[in-house]
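A short write-up of the structure that comes next.
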Amino acid sequence: MRHNRRLRWAAIPIAASLSLVLAGCTQAQLNGFLPGFVEGEAPVTNNTERVSGLWVTSWMVLLVVGVLTWGLTIWAVIAYRRRKGQTGLPVQLRYNMPIEVFYTIVPLILVLGFFAFTARDQEAIEQRFDADNVDVQIEVIAKQWAWDFNYVKEDVYSPGIQGQLSDDGPKGSLVQSELPTLYLPVGKNIEIKLQSRDVIHSFWVVDFLYKKDMYPGKVNYMTIVPEREGTYAGKCAELCGEYHSLMLFNVEVVSEAEYEDYIDSLRALGQEGQLSSEYDRNQNRPGTGAPELKEEQEAE
């Protein structure tokens, strides 16, 4: 009785402390400290909260499993420790059917649960818009070691070069203004067609909480609705060669008027039409400092 009373008195402050801690969680904590969330503002895309929900819920389940596992382990170590004066081996048990059923069924339920919820969210994220509902079509062409962007409906393009080291900033810093930049209008249904010109790359916008691989000869698609204006960092998430670390880009989510102004600026530069995804390593040379193919042939 005295032991049970002590446990009850210990449980009260623990429960109160947990309630205060959980009630005081910030928006960042509630979303598992993932990027893409700002207090009081909309998520970056229509899929951000879905990815965050799967991530946080999974960690909550795993935390409960971890606490239970460590608790039982510590309890077993203390409860069945060798006492003073004991000798020989403890009583040996061949099996315990209830426990064996428990640690077989519970992990199976967890695995099936993770699989089911992941498949559900993946299906929703991968769902493409109907052709009539696509507002903006973008074709992203990855290349060693930069990105080309085709704005399909507007019939203009923006070629990119790999990140260039800055002479003025700290050692290793890049010239941000020269990074390839993809412009997207806020609140619009965006379909992004992903292709690679040479090797396997991966299109990753960090704050979108989503990335997709790009394979030579295969087309993948990504569909999103940007919901918050801002500048978001992107990079290649697949080791693709010597200058992989410089294969960076930015995404500018802007108003529709700013988007139209940017499209007009590309036309003013004469960048009309569409860049090809056909393999041509000579298209990959800007920014690498490598000699042109013609010069190499003449040297031979």
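Each chain in the structure tokens gets a letter, A, B, ..., in the order shown, and its residues are numbered from 1; ligands are numbered from 1 in order too.
The list of residues with at least one atom within 10 Å of Ile190 of chain A, based on only C-alpha atoms and without residues fewer than 4 positions apart in the same chain, reads Arg128, Phe129, Asn133, Val134, Asp135, Val136, Gln137, Ile138, Leu184, Pro185, Val186, Met222, Thr223, Ile224, Val225 and Pro226 of chain A.
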Generate a file of the selected residues that holds all heavy atoms, formatted as a tab-separated table (two decimals), in the first residue's frame.
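again-v7.tsv, freshly written:
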chain	number	residue	atom	x	y	z
A	128	ARG	N	-1.20	13.64	-59.68
A	128	ARG	CA	-1.00	14.74	-60.63
A	128	ARG	C	-2.30	15.48	-60.87
A	128	ARG	O	-3.39	14.93	-60.74
A	128	ARG	CB	-0.45	14.19	-61.95
A	128	ARG	CG	0.95	13.61	-61.85
A	128	ARG	CD	1.43	13.05	-63.18
A	128	ARG	NE	1.46	14.07	-64.22
A	128	ARG	CZ	1.74	13.82	-65.50
A	128	ARG	NH1	2.00	12.57	-65.87
A	128	ARG	NH2	1.75	14.79	-66.39
A	129	PHE	N	-2.17	16.77	-61.20
A	129	PHE	CA	-3.34	17.57	-61.53
A	129	PHE	C	-3.91	17.13	-62.88
A	129	PHE	O	-3.17	16.67	-63.76
A	129	PHE	CB	-2.98	19.06	-61.60
A	129	PHE	CG	-2.43	19.62	-60.31
A	129	PHE	CD1	-1.17	20.20	-60.27
A	129	PHE	CD2	-3.17	19.56	-59.14
A	129	PHE	CE1	-0.66	20.72	-59.10
A	129	PHE	CE2	-2.66	20.07	-57.95
A	129	PHE	CZ	-1.41	20.65	-57.94
A	133	ASN	N	-6.35	21.64	-65.15
A	133	ASN	CA	-6.14	22.37	-63.90
A	133	ASN	C	-4.69	22.79	-63.67
A	133	ASN	O	-4.37	23.35	-62.63
A	133	ASN	CB	-6.60	21.51	-62.72
A	133	ASN	CG	-8.09	21.27	-62.72
A	133	ASN	OD1	-8.86	22.13	-63.18
A	133	ASN	ND2	-8.52	20.12	-62.23
A	134	VAL	N	-3.82	22.49	-64.63
A	134	VAL	CA	-2.40	22.88	-64.49
A	134	VAL	C	-2.26	24.34	-64.92
A	134	VAL	O	-2.56	24.70	-66.06
A	134	VAL	CB	-1.49	21.98	-65.35
A	134	VAL	CG1	-0.05	22.48	-65.29
A	134	VAL	CG2	-1.57	20.54	-64.86
A	135	ASP	N	-1.82	25.19	-63.99
A	135	ASP	CA	-1.64	26.61	-64.29
A	135	ASP	C	-0.27	26.90	-64.90
A	135	ASP	O	-0.15	27.72	-65.81
A	135	ASP	CB	-1.82	27.45	-63.01
A	135	ASP	CG	-3.20	27.30	-62.41
A	135	ASP	OD1	-4.19	27.37	-63.16
A	135	ASP	OD2	-3.29	27.09	-61.18
A	136	VAL	N	0.76	26.24	-64.39
A	136	VAL	CA	2.12	26.50	-64.84
A	136	VAL	C	2.82	25.16	-65.05
A	136	VAL	O	2.79	24.29	-64.18
A	136	VAL	CB	2.91	27.35	-63.82
A	136	VAL	CG1	4.36	27.51	-64.26
A	136	VAL	CG2	2.27	28.70	-63.63
A	137	GLN	N	3.45	25.02	-66.23
A	137	GLN	CA	4.23	23.82	-66.52
A	137	GLN	C	5.71	24.20	-66.61
A	137	GLN	O	6.08	25.09	-67.38
A	137	GLN	CB	3.79	23.19	-67.84
A	137	GLN	CG	2.44	22.49	-67.77
A	137	GLN	CD	2.06	21.88	-69.11
A	137	GLN	OE1	2.00	22.57	-70.12
A	137	GLN	NE2	1.81	20.59	-69.11
A	138	ILE	N	6.51	23.52	-65.82
A	138	ILE	CA	7.96	23.76	-65.79
A	138	ILE	C	8.66	22.46	-66.19
A	138	ILE	O	8.29	21.38	-65.75
A	138	ILE	CB	8.44	24.17	-64.39
A	138	ILE	CG1	7.64	25.36	-63.86
A	138	ILE	CG2	9.92	24.48	-64.41
A	138	ILE	CD1	7.89	26.65	-64.55
A	184	LEU	N	8.31	30.62	-59.42
A	184	LEU	CA	7.00	29.99	-59.34
A	184	LEU	C	5.99	31.00	-58.81
A	184	LEU	O	6.28	31.71	-57.83
A	184	LEU	CB	7.03	28.77	-58.42
A	184	LEU	CG	8.01	27.63	-58.76
A	184	LEU	CD1	7.96	26.57	-57.69
A	184	LEU	CD2	7.69	27.05	-60.12
A	185	PRO	N	4.79	31.08	-59.39
A	185	PRO	CA	3.76	31.99	-58.86
A	185	PRO	C	3.05	31.35	-57.67
A	185	PRO	O	2.75	30.16	-57.68
A	185	PRO	CB	2.81	32.16	-60.05
A	185	PRO	CG	2.97	30.91	-60.83
A	185	PRO	CD	4.39	30.44	-60.65
A	186	VAL	N	2.80	32.13	-56.64
A	186	VAL	CA	2.17	31.63	-55.43
A	186	VAL	C	0.71	31.27	-55.71
A	186	VAL	O	0.02	31.93	-56.49
A	186	VAL	CB	2.29	32.67	-54.29
A	186	VAL	CG1	1.43	33.90	-54.57
A	186	VAL	CG2	1.92	32.06	-52.94
A	222	MET	N	6.58	16.20	-60.62
A	222	MET	CA	6.32	16.69	-59.28
A	222	MET	C	5.22	17.75	-59.39
A	222	MET	O	5.31	18.65	-60.23
A	222	MET	CB	7.60	17.30	-58.67
A	222	MET	CG	7.41	17.88	-57.27
A	222	MET	SD	8.91	18.73	-56.66
A	222	MET	CE	10.06	17.37	-56.56
A	223	THR	N	4.18	17.63	-58.58
A	223	THR	CA	3.08	18.62	-58.63
A	223	THR	C	2.93	19.26	-57.25
A	223	THR	O	2.85	18.56	-56.23
A	223	THR	CB	1.76	17.95	-59.04
A	223	THR	OG1	1.50	16.84	-58.18
A	223	THR	CG2	1.82	17.46	-60.47
A	224	ILE	N	2.91	20.58	-57.22
A	224	ILE	CA	2.81	21.31	-55.96
A	224	ILE	C	1.97	22.56	-56.15
A	224	ILE	O	1.72	23.01	-57.27
A	224	ILE	CB	4.21	21.74	-55.43
A	224	ILE	CG1	4.94	22.60	-56.48
A	224	ILE	CG2	5.04	20.55	-55.01
A	224	ILE	CD1	6.19	23.26	-55.96
A	225	VAL	N	1.54	23.13	-55.02
A	225	VAL	CA	0.92	24.45	-54.99
A	225	VAL	C	1.71	25.28	-53.99
A	225	VAL	O	1.59	25.08	-52.77
A	225	VAL	CB	-0.56	24.39	-54.56
A	225	VAL	CG1	-1.16	25.80	-54.53
A	225	VAL	CG2	-1.36	23.49	-55.49
A	226	PRO	N	2.59	26.20	-54.44
A	226	PRO	CA	3.31	27.05	-53.49
A	226	PRO	C	2.34	27.95	-52.74
A	226	PRO	O	1.47	28.58	-53.35
A	226	PRO	CB	4.24	27.88	-54.39
A	226	PRO	CG	4.27	27.15	-55.70
A	226	PRO	CD	2.94	26.48	-55.84
Considering only C-alpha atoms, tabulate each residue of segment 159-256 of chain A that lies at most 10 Å from segment 39-54 of chain A along with its nearest interatomic pair and the corresponding distance in Å to one decimal; arrange the rows by chain and ascending residue number and present them as a Markdown table.
| residue | atom | partner | partner_atom | distance |
| --- | --- | --- | --- | --- |
| A:Val186 | CA | A:Thr45 | CA | 9.2 |
| A:Gly187 | CA | A:Thr45 | CA | 8.9 |
| A:Asn189 | CA | A:Asn46 | CA | 9.9 |
| A:Asp207 | CA | A:Val44 | CA | 6.8 |
| A:Phe208 | CA | A:Thr48 | CA | 6.2 |
| A:Leu209 | CA | A:Thr48 | CA | 6.4 |
| A:Tyr210 | CA | A:Val51 | CA | 8.2 |
| A:Thr223 | CA | A:Asn47 | CA | 9.5 |
| A:Ile224 | CA | A:Thr45 | CA | 6.5 |
| A:Val225 | CA | A:Asn46 | CA | 5.4 |
| A:Pro226 | CA | A:Thr45 | CA | 4.4 |
| A:Glu227 | CA | A:Thr45 | CA | 5.0 |
| A:Arg228 | CA | A:Val44 | CA | 5.0 |
| A:Glu229 | CA | A:Val44 | CA | 7.8 |
| A:Gly230 | CA | A:Val44 | CA | 8.7 |
| A:Tyr232 | CA | A:Val44 | CA | 9.3 |
| A:Val253 | CA | A:Val44 | CA | 9.2 |
Would you put the residues from that selection into a file with all heavy atoms, as a compact mmCIF listing (two decimals), in the first residue's frame?
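Generated output (selection.txt):
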# COMPACT_ATOMS: atom_id res chain seq x y z
N VAL A 186 2.80 32.13 -56.64
CA VAL A 186 2.17 31.63 -55.43
C VAL A 186 0.71 31.27 -55.71
O VAL A 186 0.02 31.93 -56.49
CB VAL A 186 2.29 32.67 -54.29
CG1 VAL A 186 1.43 33.90 -54.57
CG2 VAL A 186 1.92 32.06 -52.94
N GLY A 187 0.25 30.20 -55.07
CA GLY A 187 -1.15 29.83 -55.15
C GLY A 187 -1.58 29.18 -56.44
O GLY A 187 -2.78 28.96 -56.65
N ASN A 189 -1.39 25.97 -59.41
CA ASN A 189 -1.09 24.54 -59.59
C ASN A 189 0.12 24.40 -60.51
O ASN A 189 0.06 24.75 -61.68
CB ASN A 189 -2.28 23.81 -60.20
CG ASN A 189 -3.47 23.76 -59.26
OD1 ASN A 189 -3.35 24.00 -58.05
ND2 ASN A 189 -4.64 23.46 -59.79
N ASP A 207 12.93 23.28 -48.27
CA ASP A 207 11.73 23.68 -47.54
C ASP A 207 10.45 23.03 -48.07
O ASP A 207 9.41 23.09 -47.42
CB ASP A 207 11.57 25.20 -47.58
CG ASP A 207 12.53 25.90 -46.64
OD1 ASP A 207 13.18 25.20 -45.84
OD2 ASP A 207 12.66 27.14 -46.69
N PHE A 208 10.51 22.42 -49.25
CA PHE A 208 9.35 21.70 -49.77
C PHE A 208 9.20 20.33 -49.09
O PHE A 208 8.17 19.66 -49.24
CB PHE A 208 9.46 21.48 -51.28
CG PHE A 208 9.26 22.73 -52.09
CD1 PHE A 208 9.14 23.98 -51.50
CD2 PHE A 208 9.20 22.67 -53.47
CE1 PHE A 208 8.96 25.13 -52.25
CE2 PHE A 208 9.01 23.81 -54.24
CZ PHE A 208 8.90 25.05 -53.63
N LEU A 209 10.23 19.89 -48.37
CA LEU A 209 10.25 18.59 -47.69
C LEU A 209 9.99 17.44 -48.68
O LEU A 209 9.32 16.45 -48.36
CB LEU A 209 9.18 18.54 -46.58
CG LEU A 209 9.25 19.64 -45.52
CD1 LEU A 209 8.19 19.40 -44.45
CD2 LEU A 209 10.62 19.72 -44.88
N TYR A 210 10.55 17.59 -49.86
CA TYR A 210 10.24 16.62 -50.92
C TYR A 210 11.34 16.68 -51.96
O TYR A 210 11.81 17.75 -52.31
CB TYR A 210 8.89 16.98 -51.54
CG TYR A 210 8.36 16.00 -52.56
CD1 TYR A 210 8.14 14.68 -52.22
CD2 TYR A 210 8.05 16.42 -53.85
CE1 TYR A 210 7.63 13.79 -53.14
CE2 TYR A 210 7.53 15.53 -54.78
CZ TYR A 210 7.32 14.22 -54.42
OH TYR A 210 6.82 13.33 -55.33
N THR A 223 4.18 17.63 -58.58
CA THR A 223 3.08 18.62 -58.63
C THR A 223 2.93 19.26 -57.25
O THR A 223 2.85 18.56 -56.23
CB THR A 223 1.76 17.95 -59.04
OG1 THR A 223 1.50 16.84 -58.18
CG2 THR A 223 1.82 17.46 -60.47
N ILE A 224 2.91 20.58 -57.22
CA ILE A 224 2.81 21.31 -55.96
C ILE A 224 1.97 22.56 -56.15
O ILE A 224 1.72 23.01 -57.27
CB ILE A 224 4.21 21.74 -55.43
CG1 ILE A 224 4.94 22.60 -56.48
CG2 ILE A 224 5.04 20.55 -55.01
CD1 ILE A 224 6.19 23.26 -55.96
N VAL A 225 1.54 23.13 -55.02
CA VAL A 225 0.92 24.45 -54.99
C VAL A 225 1.71 25.28 -53.99
O VAL A 225 1.59 25.08 -52.77
CB VAL A 225 -0.56 24.39 -54.56
CG1 VAL A 225 -1.16 25.80 -54.53
CG2 VAL A 225 -1.36 23.49 -55.49
N PRO A 226 2.59 26.20 -54.44
CA PRO A 226 3.31 27.05 -53.49
C PRO A 226 2.34 27.95 -52.74
O PRO A 226 1.47 28.58 -53.35
CB PRO A 226 4.24 27.88 -54.39
CG PRO A 226 4.27 27.15 -55.70
CD PRO A 226 2.94 26.48 -55.84
N GLU A 227 2.47 28.02 -51.43
CA GLU A 227 1.51 28.75 -50.62
C GLU A 227 2.12 29.92 -49.85
O GLU A 227 1.40 30.64 -49.17
CB GLU A 227 0.82 27.79 -49.64
CG GLU A 227 -0.01 26.72 -50.35
CD GLU A 227 -0.80 25.85 -49.40
OE1 GLU A 227 -0.48 25.85 -48.19
OE2 GLU A 227 -1.74 25.17 -49.85
N ARG A 228 3.43 30.10 -49.95
CA ARG A 228 4.06 31.22 -49.24
C ARG A 228 5.18 31.79 -50.08
O ARG A 228 6.05 31.06 -50.54
CB ARG A 228 4.60 30.77 -47.88
CG ARG A 228 5.00 31.95 -47.00
CD ARG A 228 5.40 31.50 -45.61
NE ARG A 228 6.77 31.01 -45.56
CZ ARG A 228 7.16 29.95 -44.88
NH1 ARG A 228 6.30 29.22 -44.24
NH2 ARG A 228 8.43 29.60 -44.88
N GLU A 229 5.16 33.09 -50.30
CA GLU A 229 6.20 33.74 -51.07
C GLU A 229 7.52 33.72 -50.30
O GLU A 229 7.54 33.76 -49.07
CB GLU A 229 5.80 35.18 -51.40
CG GLU A 229 4.60 35.28 -52.32
CD GLU A 229 4.28 36.73 -52.70
OE1 GLU A 229 5.21 37.56 -52.68
OE2 GLU A 229 3.11 37.02 -53.02
N GLY A 230 8.60 33.67 -51.05
CA GLY A 230 9.91 33.67 -50.42
C GLY A 230 10.96 33.04 -51.31
O GLY A 230 10.67 32.61 -52.43
N TYR A 232 13.77 30.02 -51.57
CA TYR A 232 14.02 28.71 -50.98
C TYR A 232 15.21 28.04 -51.69
O TYR A 232 15.30 28.08 -52.91
CB TYR A 232 12.77 27.83 -51.09
CG TYR A 232 11.57 28.50 -50.47
CD1 TYR A 232 10.59 29.09 -51.27
CD2 TYR A 232 11.43 28.57 -49.08
CE1 TYR A 232 9.49 29.73 -50.70
CE2 TYR A 232 10.34 29.21 -48.51
CZ TYR A 232 9.38 29.79 -49.33
OH TYR A 232 8.30 30.43 -48.76
N VAL A 253 9.37 32.00 -54.98
CA VAL A 253 7.91 31.97 -55.04
C VAL A 253 7.42 33.40 -54.93
O VAL A 253 7.65 34.09 -53.93
CB VAL A 253 7.32 31.10 -53.91
CG1 VAL A 253 5.79 31.13 -53.96
CG2 VAL A 253 7.84 29.67 -54.01
DSSP on the backbone, then: every residue of segment 23-246 of chain A marked helix (DSSP H, G or I), written as number ranges by chain. A: 23, 27-30, 48-79, 97-126, 131-133, 176-178, 206-208, 244-246
Non-local contacts of Phe149 of chain A (6 Å; only C-alpha atoms; under 6 positions in same chain excluded) as a list in words: Glu139, Val140, Tyr157 and Ser158 of chain A
For the selection just defined, write its residues with N, CA, C and O atoms to a file, as a PDB file, in the first residue's frame.
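Result file follows (result.pdb):
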ATOM      1  N   GLU A 139       9.678  22.582 -67.020  1.00  0.00           N
ATOM      2  CA  GLU A 139      10.542  21.447 -67.319  1.00  0.00           C
ATOM      3  C   GLU A 139      11.926  21.740 -66.745  1.00  0.00           C
ATOM      4  O   GLU A 139      12.561  22.727 -67.120  1.00  0.00           O
ATOM      5  N   VAL A 140      12.339  20.911 -65.791  1.00  0.00           N
ATOM      6  CA  VAL A 140      13.655  21.060 -65.167  1.00  0.00           C
ATOM      7  C   VAL A 140      14.585  20.013 -65.765  1.00  0.00           C
ATOM      8  O   VAL A 140      14.290  18.815 -65.718  1.00  0.00           O
ATOM      9  N   TYR A 157      12.887  30.087 -71.626  1.00  0.00           N
ATOM     10  CA  TYR A 157      13.755  29.220 -70.844  1.00  0.00           C
ATOM     11  C   TYR A 157      14.779  30.055 -70.079  1.00  0.00           C
ATOM     12  O   TYR A 157      15.034  31.225 -70.384  1.00  0.00           O
ATOM     13  N   SER A 158      15.378  29.403 -69.083  1.00  0.00           N
ATOM     14  CA  SER A 158      16.451  30.025 -68.310  1.00  0.00           C
ATOM     15  C   SER A 158      17.567  29.001 -68.145  1.00  0.00           C
ATOM     16  O   SER A 158      17.392  27.992 -67.449  1.00  0.00           O
TER      17      SER A 158
END
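In this structure, atom CA of Leu246 of chain A sits 17.3 Å away from atom CA of Met214 of chain A.
When only C-alpha atoms are used to compute distances to Lys235 of chain A, the closest of the residues A:Asp213, A:Glu278, A:Asp121, A:Glu258 turns out to be A:Asp213.
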In segment 27-270 of chain A, what's strand (DSSP E or B) per DSSP? Answer as a count of residues only? 63
Would you list the contacts of Lys218 of chain A as a PyMOL selection string, taking every protein, DNA or RNA residue within 9 Å and counting only C-alpha atoms, but skipping same-chain residues closer than 6 positions in sequence? chain A and resi 194-196
